[in-house]
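What follows is one structure encoded as structure tokens, with my remarks underneath.
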Amino acid sequence: MLHELLLALLGFTGDFVIDEREQAETLGLGAADDPLHQLPEEPTFRLAPDLSFLHPSERNVIQRLISLGFYYRELDHFATKSQNLSFIQSTKDFPLPHSPELLKGKLKKGSVYRRAIANGIVEILSVYRAAVLQVEQNLLSDPLPILATVTQGLNK
């Protein structure tokens, strides 16, 4: 259970932690091109409902922890998309403001500022990944791994 929790902290779901947004898309309930389904207002990672062996207080703690994994995944997706340099073009290839390509929306507007923010996010996410790795090492070295070890390791 703790290993799947660690994977969820890095944005991966499975049998223990599910993504409600992915489930809705799999069932055909959410439109993939609908912007409301692209950016949810709150985390969509949830504990599987059939985990009867968890005490309600443990469920609450785990639910708070897996929201970190959801935000990690969303920030990682943003940073990955924003670090793309394909939007940089030479001035000879850059279209005029009223050109058909720009009016049809075929060209993706990029931003050097967005890329700089993405680079900063990548640096912060690497610190977070290192913290999750440290928690995993602590769990592996502990003869009786407990949930409090994960919570304590991620308090920062």
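In the structure tokens, each chain is lettered A, B, ... as it comes, each chain's residues begin at 1, and ligands are numbered from 1 in order of appearance.
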
Please provide as a list in words all residues within 12 Å of His77 in chain A, with the sequence filter that same-chain residues fewer than 5 positions apart are discarded (counting only C-alpha atoms).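 Selected residues are Leu10, Gly11, Gln38, Leu39, Phe70, Tyr71, Tyr72, Ser82, Gln83, Asn84, Ala118, Ile121, Val122 and Leu125 of chain A.
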
Which is closer to Thr149 in chain A than all the others in A:Asp76, A:Gln137, A:Asp15, A:Asn60, using only C-alpha atoms?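 Among the listed residues, the smallest separation from Thr149 in chain A belongs to A:Gln137.
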
When you look at Leu54 in chain A with a cut-off of 12 Å (counting only C-alpha atoms), what residues show up, excluding the ones that are within fewer than 6 positions of it in the same chain? I need them as a list in words.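 Non-adjacent residues within range: Met1, Phe16, Leu47, Ala48, Asn60, Val61, Ile62, Gln63 and Leu147 of chain A.
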
Nearest-residue call for Gly69 in chain A, choices A:Leu51, A:Ala8, A:Ile117, A:Val127, using only C-alpha atoms: A:Ala8

Pick out the closest residue to Ile124 in chain A from this set: A:Leu75, A:Asn138, A:Pro43, A:Leu65. Count only C-alpha atoms. A:Leu75

Correct to one decimal, the distance CA of Phe53 in chain A-CA of Val132 in chain A is 24.5 Å

Selected residue, from A:Ile66, A:Gln152, A:Glu74, A:Tyr128, that lies nearest to Leu7 in chain A when counting only C-alpha atoms: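 Checking each of A:Ile66, A:Gln152, A:Glu74, A:Tyr128 against Leu7 in chain A, counting only C-alpha atoms, the winner is A:Ile66.
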
Compile the contact shell of range 18-21 of chain A as a ChimeraX atom specification: residues with an atom at most 8 Å away, counting only C-alpha atoms, same-chain residues fewer than 4 positions apart removed. /A:13-14,25,30,37,44-48

Separating CA of Leu5 in chain A from CA of Leu27 in chain A, to the nearest tenth of an Å, is a gap of 24.7 Å

At a cut-off of 12 Å, using only C-alpha atoms, what residues contact Leu133 in chain A? Leave out same-chain residues fewer than 6 positions from it and give the result as a ChimeraX atom specification. /A:3,6-7,9-10,126-127,139-140,150,153-154

Only all heavy atoms, please: the residues just picked out, written as a PDB file, in the first residue's frame.
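Below is the file that was written, out-v7.pdb:
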```
ATOM      1  N   HIS A   3       3.874   1.621  -1.133  1.00  0.00           N
ATOM      2  CA  HIS A   3       4.580   1.798  -2.406  1.00  0.00           C
ATOM      3  C   HIS A   3       3.661   2.426  -3.455  1.00  0.00           C
ATOM      4  O   HIS A   3       4.088   3.282  -4.228  1.00  0.00           O
ATOM      5  CB  HIS A   3       5.143   0.470  -2.905  1.00  0.00           C
ATOM      6  CG  HIS A   3       6.277  -0.022  -2.080  1.00  0.00           C
ATOM      7  ND1 HIS A   3       7.521   0.553  -2.120  1.00  0.00           N
ATOM      8  CD2 HIS A   3       6.350  -1.010  -1.168  1.00  0.00           C
ATOM      9  CE1 HIS A   3       8.321  -0.059  -1.276  1.00  0.00           C
ATOM     10  NE2 HIS A   3       7.635  -1.008  -0.678  1.00  0.00           N
ATOM     11  N   LEU A   6       3.450   6.037  -2.731  1.00  0.00           N
ATOM     12  CA  LEU A   6       4.618   6.763  -3.239  1.00  0.00           C
ATOM     13  C   LEU A   6       4.498   7.018  -4.738  1.00  0.00           C
ATOM     14  O   LEU A   6       4.854   8.089  -5.226  1.00  0.00           O
ATOM     15  CB  LEU A   6       5.903   6.006  -2.923  1.00  0.00           C
ATOM     16  CG  LEU A   6       6.279   5.933  -1.445  1.00  0.00           C
ATOM     17  CD1 LEU A   6       7.487   5.022  -1.248  1.00  0.00           C
ATOM     18  CD2 LEU A   6       6.545   7.308  -0.881  1.00  0.00           C
ATOM     19  N   LEU A   7       3.991   6.037  -5.471  1.00  0.00           N
ATOM     20  CA  LEU A   7       3.776   6.229  -6.910  1.00  0.00           C
ATOM     21  C   LEU A   7       2.715   7.308  -7.159  1.00  0.00           C
ATOM     22  O   LEU A   7       2.856   8.125  -8.070  1.00  0.00           O
ATOM     23  CB  LEU A   7       3.362   4.920  -7.574  1.00  0.00           C
ATOM     24  CG  LEU A   7       4.468   3.887  -7.745  1.00  0.00           C
ATOM     25  CD1 LEU A   7       3.892   2.564  -8.225  1.00  0.00           C
ATOM     26  CD2 LEU A   7       5.519   4.397  -8.709  1.00  0.00           C
ATOM     27  N   LEU A   9       2.159   9.815  -5.281  1.00  0.00           N
ATOM     28  CA  LEU A   9       2.779  11.103  -4.978  1.00  0.00           C
ATOM     29  C   LEU A   9       3.558  11.650  -6.169  1.00  0.00           C
ATOM     30  O   LEU A   9       3.822  12.837  -6.250  1.00  0.00           O
ATOM     31  CB  LEU A   9       3.712  10.974  -3.769  1.00  0.00           C
ATOM     32  CG  LEU A   9       3.009  10.810  -2.429  1.00  0.00           C
ATOM     33  CD1 LEU A   9       4.012  10.460  -1.343  1.00  0.00           C
ATOM     34  CD2 LEU A   9       2.231  12.053  -2.068  1.00  0.00           C
ATOM     35  N   LEU A  10       3.916  10.760  -7.104  1.00  0.00           N
ATOM     36  CA  LEU A  10       4.619  11.174  -8.316  1.00  0.00           C
ATOM     37  C   LEU A  10       3.686  11.202  -9.533  1.00  0.00           C
ATOM     38  O   LEU A  10       4.140  11.218 -10.676  1.00  0.00           O
ATOM     39  CB  LEU A  10       5.818  10.265  -8.569  1.00  0.00           C
ATOM     40  CG  LEU A  10       6.902  10.348  -7.503  1.00  0.00           C
ATOM     41  CD1 LEU A  10       8.005   9.328  -7.775  1.00  0.00           C
ATOM     42  CD2 LEU A  10       7.482  11.750  -7.426  1.00  0.00           C
ATOM     43  N   SER A 126      11.889  18.867  -8.995  1.00  0.00           N
ATOM     44  CA  SER A 126      13.013  17.960  -8.741  1.00  0.00           C
ATOM     45  C   SER A 126      13.309  17.874  -7.242  1.00  0.00           C
ATOM     46  O   SER A 126      13.672  16.815  -6.734  1.00  0.00           O
ATOM     47  CB  SER A 126      14.248  18.375  -9.526  1.00  0.00           C
ATOM     48  OG  SER A 126      14.749  19.597  -9.050  1.00  0.00           O
ATOM     49  N   VAL A 127      13.118  18.978  -6.514  1.00  0.00           N
ATOM     50  CA  VAL A 127      13.278  18.957  -5.052  1.00  0.00           C
ATOM     51  C   VAL A 127      12.195  18.066  -4.434  1.00  0.00           C
ATOM     52  O   VAL A 127      12.466  17.279  -3.529  1.00  0.00           O
ATOM     53  CB  VAL A 127      13.222  20.392  -4.478  1.00  0.00           C
ATOM     54  CG1 VAL A 127      13.185  20.386  -2.963  1.00  0.00           C
ATOM     55  CG2 VAL A 127      14.398  21.210  -4.982  1.00  0.00           C
ATOM     56  N   LEU A 139      11.296   4.483   4.363  1.00  0.00           N
ATOM     57  CA  LEU A 139      10.348   3.373   4.505  1.00  0.00           C
ATOM     58  C   LEU A 139      11.036   2.026   4.327  1.00  0.00           C
ATOM     59  O   LEU A 139      10.729   1.060   5.035  1.00  0.00           O
ATOM     60  CB  LEU A 139       9.205   3.512   3.497  1.00  0.00           C
ATOM     61  CG  LEU A 139       8.179   4.598   3.766  1.00  0.00           C
ATOM     62  CD1 LEU A 139       7.222   4.721   2.592  1.00  0.00           C
ATOM     63  CD2 LEU A 139       7.413   4.321   5.047  1.00  0.00           C
ATOM     64  N   LEU A 140      11.951   1.949   3.366  1.00  0.00           N
ATOM     65  CA  LEU A 140      12.652   0.686   3.124  1.00  0.00           C
ATOM     66  C   LEU A 140      13.602   0.322   4.258  1.00  0.00           C
ATOM     67  O   LEU A 140      13.819  -0.857   4.530  1.00  0.00           O
ATOM     68  CB  LEU A 140      13.412   0.757   1.792  1.00  0.00           C
ATOM     69  CG  LEU A 140      12.539   0.797   0.545  1.00  0.00           C
ATOM     70  CD1 LEU A 140      13.402   1.013  -0.697  1.00  0.00           C
ATOM     71  CD2 LEU A 140      11.717  -0.472   0.415  1.00  0.00           C
ATOM     72  N   VAL A 150       5.639   8.802   5.935  1.00  0.00           N
ATOM     73  CA  VAL A 150       5.375   9.516   4.687  1.00  0.00           C
ATOM     74  C   VAL A 150       4.936  10.949   4.985  1.00  0.00           C
ATOM     75  O   VAL A 150       5.437  11.905   4.392  1.00  0.00           O
ATOM     76  CB  VAL A 150       4.298   8.782   3.846  1.00  0.00           C
ATOM     77  CG1 VAL A 150       4.008   9.535   2.567  1.00  0.00           C
ATOM     78  CG2 VAL A 150       4.719   7.362   3.547  1.00  0.00           C
ATOM     79  N   GLY A 153       7.833  13.037   6.255  1.00  0.00           N
ATOM     80  CA  GLY A 153       8.815  13.309   5.218  1.00  0.00           C
ATOM     81  C   GLY A 153       8.370  14.357   4.218  1.00  0.00           C
ATOM     82  O   GLY A 153       9.189  14.978   3.556  1.00  0.00           O
ATOM     83  N   LEU A 154       7.055  14.562   4.093  1.00  0.00           N
ATOM     84  CA  LEU A 154       6.528  15.511   3.105  1.00  0.00           C
ATOM     85  C   LEU A 154       5.928  16.756   3.744  1.00  0.00           C
ATOM     86  O   LEU A 154       5.254  17.525   3.069  1.00  0.00           O
ATOM     87  CB  LEU A 154       5.491  14.824   2.221  1.00  0.00           C
ATOM     88  CG  LEU A 154       6.032  13.708   1.341  1.00  0.00           C
ATOM     89  CD1 LEU A 154       4.907  13.025   0.601  1.00  0.00           C
ATOM     90  CD2 LEU A 154       7.064  14.239   0.366  1.00  0.00           C
TER      91      LEU A 154
END
```

Can you work out which one of A:Glu136, A:Asp142, A:Leu68, A:Tyr113 has the shortest atom-to-atom distance to Lys156 in chain A, counting only C-alpha atoms? A:Leu68
